[in-house]
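Worksheet: one structure, shown below.
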Amino acid sequence: ADHEESRRLKILHESFSDKIHLDDLGRVYLKAAEGECSDYNDGNTIELISEYIRRLNPQVKVSHMNRHEFISDGGVFVHSEAGREMALVCIDRPEATQELLSSACRCNSHKVKFVSVETQGLYGRIFCDFGSDYEVQDEDGENPRKTLVESVEMVEEDKWGLLVVKCVEGERHDVSKGDIVQFDQSGGQYRVERVDSPSRFMVQMVPSDKEEYSPITTLQSTMVVERIKQPRSIPFISFGDAIKLAKSNAMPGLISSDVLPSVPNDHQLFTPSDLDKSFDDNRRNAIMAAFAAASAFAEKWYRTPSEILKTDFGAFFNMAKRSGFVNETSTEWKEIVQYFYECYCKGGKLAPLQAFFGALASQEALKAVSSLYNPISQFLIYDCDELAHIRTAEGEHSEDFSGFLDTAPGQSSIVGKAITAKLASQRIFVVGSGAIGCELLKNLAAMGAGSFAQGALILTDMDTIEHSNLSRQLLFRDSDVGNFKSIAAKEAILRFNPALRLEAHSSKVGDDERGPFDDEFWMNGVDVVLNALDNVDARLFIDGKCVDSQKGLIDAGTLGSKGNVQVIVPMQSESYGSSVDPPEPEIPVCTLKNFPYEISHTIQWGRDLFDGLFNRRPTQANNGISSLASVDKKGFGTELLRKLGGDAAIEAAIEIGDDLCAHWFAGRNSDQYGEQLMMLSILWAVELAKKLFSIAIENLLKQHPEESVDEDGEPFWTGTRRQPKVAFYCSKVEEDNLFQQAVNEQIVNFVQSAARLRMETYIPQKLIECHETKPTKRAVLEALEQFESASSAEDIDVTDSNTMSHIMTSLEGTVFDIETTLNPVEFEKDDDSNGHVSFITAASNLRALSYGINPVDEMETRRIAGRIVPAMITTTALVSALSSLELLKLIQSAPLRTHRNAFVNLALPFFALTSPLPAEEIVGVNGKTHTIWDKILVKEKKKAANMGGITVKQLLRKVEKSSGASVSSLSYGPYLLYANFLHDDDDELMGKPVAALVLEACLSGDEMCGSDSEELYKQDQEELVQDLERKMFLDFMAVAEDEETGEELELPPIRLIKYARKNGQSLSSGKGLEAA
């Protein structure tokens, strides 16, 4: 750009940036940087922000340049390196600047990728230009499914004809027409020509492989088919050309075809987001026109429009009409331009919308430099102007917000100060302070939530911070590792906004009424709940409490690039539990034990092996040591047999006999004990490997030889049953025997890690650091070679009827009179130095090799064994932003149609934002209907409370009066309290206080029958009485008979609100069908 153009753009950019105090999210980030980097702050904001980013992730290199350097020296383009992918992200720049930079990126010899993102009030858009020949290497980031094949049949006699592939029963493939697949026992690749069903498809060998490979004609033993990912070319056009094409589509004929870019017929210019809005061409054109007018206005007058000058709106509106995106006859077009203009005048930035587009732009920048995932093509527009409609419909709020200190002025300029004040006075319960929780708290800090009157943010998370959390949980640093997440999050978020009122807990939210989250909390201590949980059971519990107490809930979750948000609107929408996904199926025991066919099976087997050897068995041995202090070995054996039964008792005795054998403790105080224990541990590990990967496999093959058949006469080793091979060490290996080479490598790894963990089981904890516990590879190889030709010990024969003699034989040689205990360990996935993942990886890979499954590295083992839910900070930031937008609607009691549930996949990319479903109408008695939100409320009066409480008869009478139906039965949880065919004439029961009847039922229940002592039983009784007395209400379920049909149907839940003795007032829990 020449000097004049540079001067003009400089003034224009300053005009766009002169209202930084209205950028709520940017302001709190700056405040957090000042708080965290106080030791570094020298008054230079750019240096401060750069240092803050470095502390977020010390592995990231951060540098900066000023505007003069960028323009005069070529800036980022000069520093680009050949062969290194590079992206330029342009934020909140006028269209002229976007066009200039997009063209510059294309002209640069290194083909810099270009991403532009901008927001104005309730509207935002992102644009991507990755060049005319961009190639994505992996479109979705998912691991292709490996599917077991039941049969392969040739359709045509031609050698290269079509093949029909049928999957094993219960297996589902993941292929689509045009995909390339490969079979594990055949060379060459095949193209999918047709998909018939989730378990059947047709393939043909690709032409390029026909000369080198022979096609499959029949099924070869157990075969696996897998989709092979292929790179895909995606052509992009520049920002300027994209604007021209968009205008041409909006107003055909406006722009001459000679100047329009040449694009493929299937070229996508706009990626949809909100399914209710994105396919509305009129809405899209209005937003594009408004962005164009905003740039044109600032470019002409070097300022943003004024709310005071009415002529500014006329000028802006005319510029929008002349933009090329116009439909003057549409009222909606005019309304959108009007809303946009109002936001543009005020200059405010809405924090959740900033967070949404920040996450999106970050992900697109990562795609640009990695070629991983499909990029946005090419614009994506998203807006939340339903917030403006809600404000218009509701008018000004009448609450008294005098004394309110506005910490979110940008938000107030857009949605109104009354809404910001109302948000600040809400008690918001954030459940979980992990990846999503951190992002939510950051947004809430920028929105000023919980900072006024009775408002507060209540956090709870019982987890502590681990090293693996730091990459995606932005509030935590290395110094926080080991601390409770909620406590660390509170300290961090106060640096963002010191005006927040926070309550941090490390308590689990569950059925325990003794914690902070009791009836009082759910009835009066919370207004709305934000879920940031990672498991379904906890989500269902919170969902149930919100329905019970009629509180709003926003639930968010992620899985890698996929994320979802569900808003539960009291009295209007369905709940989370109304449509929850089914739990993932458990791996059958027989599959884990004998017939694995996926790597997840062998890893789970390895994890179970770890827990059994190094946690369960040392704990079992320690219990044995304490038990033998009071009884002899025979008494101990008798007790084992009584508690466990025959076979289990013998197995336990064998394990205890091994773990407490005298040689493990001999010479414990000598200087040579470490060397002695090391050698014993190596021999133990070698024998364990022989037992697991040789003897066990040999026994299985003896039971089911290669040619054996099942009970249906079919070959036994087919389908999901893979015939295993013995996998043990062999010193003499042929060069071409890759299987044995791989087995030898994994056997050494297994013995090394198993011996180390066994040795650490016996060394006192305080001395572990003083001993080298991992054996050398040489020592392991020597032990393996010595053991190679030796015969293994015979297992104890347990078929004899004299079980007790076997138990006593197993316990011979054990020592119980030792002054120490063994060291059980819990599996810890995040510590690479502890050897836990190494052991499971080696065990899993040996089993995988034995069963013909491809081994994996420690990273994949850690993910599966540690049940790690993949998390990407871009996804968590995006769903948290959407949750925060829904919160603004929820506190205004917005209509259900204005809310948005969301399912997104940033990898594809795919966005589905839809209105929540209404709560299902449940048919009750006499034609009446109710939903999950309805209740029959019965308030206990003072008179009834003084007489011991409302009676069963009184409760039934009130319920029947409210519902208009005769109650057939009444239950409290699992306990049946009343049934008309049993108790109508039972005057004693009908006159009994309901609370007393509930207590009797609970005390007579089965929950306490397992108490081992009378003292514990009494303690349980006392706690149960206290819990019931503490409850503010009791919930019942009732069944009534329909007078017309005679059918028995459930009534809405009945809530008996106990009389509040402290202040003489009864407490209610929201709306309901209140009984007289």
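Going by the structure tokens order, chains are called A, B, ..., each with residues numbered from 1, while ligands are numbered from 1 in the order shown.
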Neighbours of stretch 42-52 of chain A within 12 Å (only C-alpha atoms; same-chain residues fewer than 3 positions away dropped), as a ChimeraX atom specification? /A:26-39,55-58,60-66,474-475,477
From stretch 832-910 of chain A, collect each residue whose DSSP state is helix (DSSP H, G or I) and return the set as a VMD selection string. chain A and resid 832 to 834 836 to 850 858 to 865 873 to 890 896 to 898
Please determine, counting only C-alpha atoms, which residue among A:Met872, A:Ala877, A:Leu906, A:Val164 has the shortest atom-to-atom distance to A:Glu364. A:Leu906
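Taking atom CA of A:Ala649 and atom CA of A:Val631 as the two end points, the separation is 17.0 Å.
Relative to atom CA of A:Gly432, atom CA of A:Ile542 is found at 11.5 Å.
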Find the residue from A:Phe787, A:Phe816, A:Trp933, A:Trp684 that sits nearest to A:Met571; use only C-alpha atoms when measuring. A:Trp933
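Nearest residue to A:Trp333 among A:Glu886, A:Glu307, A:Asp281, A:Glu940 is A:Asp281, counting only C-alpha atoms.
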Atom pair atom CA of A:Glu826 + atom CA of A:Thr776, distance 24.7 Å
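For stretch 191-205 of chain A, the residues within 6 Å (counting only C-alpha atoms, excluding itself and residues fewer than 2 positions away along the chain) are Leu162, Leu163, Val164, Val165, Lys166, Cys167, Arg172, His173, Lys177, Gly178, Asp179, Ile180 and Gln189 of chain A.
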Residues as selected, C-alpha atoms, written as a compact mmCIF listing (two decimals), in the first residue's frame, can you do that?
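Printed below is selection09.txt as written:
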# COMPACT_ATOMS: atom_id res chain seq x y z
CA LEU A 162 -17.33 -57.01 -7.89
CA LEU A 163 -16.95 -58.57 -4.45
CA VAL A 164 -19.69 -58.65 -1.84
CA VAL A 165 -18.33 -58.14 1.68
CA LYS A 166 -20.48 -59.19 4.63
CA CYS A 167 -19.51 -58.27 8.19
CA ARG A 172 -21.00 -52.41 11.56
CA HIS A 173 -18.72 -50.94 8.93
CA LYS A 177 -19.58 -45.19 -1.65
CA GLY A 178 -16.29 -44.11 -3.20
CA ASP A 179 -14.18 -44.92 -0.12
CA ILE A 180 -10.99 -46.96 -0.46
CA GLN A 189 -6.78 -51.55 -2.27
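Nearest-residue note for A:Ile376: choosing from A:Phe340, A:Tyr975, A:Phe401, A:Phe236, the minimum distance belongs to A:Phe236, counting only C-alpha atoms.
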Which polymer residues have any atom within 12 Å of an atom of stretch 258-260 of chain A, counting only C-alpha atoms, with same-chain residues fewer than 3 positions away left out, as an mmCIF file with C-alpha atoms, in the first residue's frame?
data_model
loop_
_atom_site.group_PDB
_atom_site.id
_atom_site.type_symbol
_atom_site.label_atom_id
_atom_site.label_comp_id
_atom_site.auth_asym_id
_atom_site.auth_seq_id
_atom_site.Cartn_x
_atom_site.Cartn_y
_atom_site.Cartn_z
ATOM 1 C CA ILE A 237 -11.011 -18.191 -3.835
ATOM 2 C CA SER A 238 -9.796 -14.882 -2.394
ATOM 3 C CA GLY A 240 -12.479 -10.161 -2.924
ATOM 4 C CA ASP A 241 -13.610 -12.838 -5.355
ATOM 5 C CA ALA A 242 -15.796 -14.455 -2.679
ATOM 6 C CA ILE A 243 -17.572 -11.139 -2.052
ATOM 7 C CA LYS A 244 -18.171 -10.730 -5.796
ATOM 8 C CA LEU A 245 -19.564 -14.249 -6.085
ATOM 9 C CA ALA A 246 -21.804 -13.761 -3.052
ATOM 10 C CA LYS A 247 -23.191 -10.542 -4.527
ATOM 11 C CA SER A 248 -23.770 -12.265 -7.852
ATOM 12 C CA ASN A 249 -25.732 -15.014 -6.113
ATOM 13 C CA PRO A 252 -27.953 -12.225 -10.443
ATOM 14 C CA GLY A 253 -26.727 -9.972 -13.227
ATOM 15 C CA LEU A 254 -25.359 -7.326 -10.864
ATOM 16 C CA ILE A 255 -21.765 -8.270 -11.666
ATOM 17 C CA VAL A 263 -15.257 -22.091 -9.479
#
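Remark: for A:Ala361, the closest of the candidate residues A:Thr119, A:Ser844, A:Thr809, A:Ser670 is A:Thr119 (distances computed over only C-alpha atoms).
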A:Ile922 environment, 7 Å, only C-alpha atoms, sequence neighbours closer than 6 positions dropped, as a PyMOL selection string: chain A and resi 929-931
Mind writing the picked residues with all heavy atoms as a short mmCIF file (atom, residue, chain, number, x, y, z; two decimals), in the first residue's frame?
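File selection13.cif, as written:
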data_model
loop_
_atom_site.label_atom_id
_atom_site.label_comp_id
_atom_site.auth_asym_id
_atom_site.auth_seq_id
_atom_site.Cartn_x
_atom_site.Cartn_y
_atom_site.Cartn_z
N THR A 929 -53.55 -34.26 31.39
CA THR A 929 -52.15 -34.50 31.01
C THR A 929 -51.23 -33.68 31.91
O THR A 929 -51.64 -32.67 32.48
CB THR A 929 -51.89 -34.11 29.54
OG1 THR A 929 -52.16 -32.72 29.37
CG2 THR A 929 -52.76 -34.94 28.60
N HIS A 930 -49.99 -34.13 32.02
CA HIS A 930 -48.98 -33.39 32.76
C HIS A 930 -47.62 -33.67 32.12
O HIS A 930 -47.48 -34.55 31.27
CB HIS A 930 -48.98 -33.77 34.24
CG HIS A 930 -48.67 -35.21 34.50
ND1 HIS A 930 -49.63 -36.20 34.46
CD2 HIS A 930 -47.50 -35.84 34.79
CE1 HIS A 930 -49.09 -37.36 34.72
NE2 HIS A 930 -47.79 -37.18 34.92
N THR A 931 -46.60 -32.92 32.52
CA THR A 931 -45.24 -33.14 32.03
C THR A 931 -44.34 -33.48 33.21
O THR A 931 -44.77 -33.48 34.37
CB THR A 931 -44.70 -31.90 31.31
OG1 THR A 931 -44.42 -30.87 32.29
CG2 THR A 931 -45.69 -31.37 30.28
#
Run DSSP on the backbone of this structure and report the residues of stretch 717-944 of chain A it assigns to strand (DSSP E or B), as number ranges by chain. A: 814, 871, 901-905, 910-914, 918, 922-923, 929-930, 936-939
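Around A:Gln230, within 10 Å and counting only C-alpha atoms, the residues found are Val136, Gln137, Asp138, Glu139, Asp179, Ile180 and Arg227 of chain A, once anything fewer than 3 positions away on its own chain is removed.
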Report as an MDAnalysis selection string all protein, DNA and RNA residues lying within 7 Å of A:Glu503, evaluated on only C-alpha atoms, omitting residues in the same chain fewer than 5 positions from it. chainID A and resid 457:459
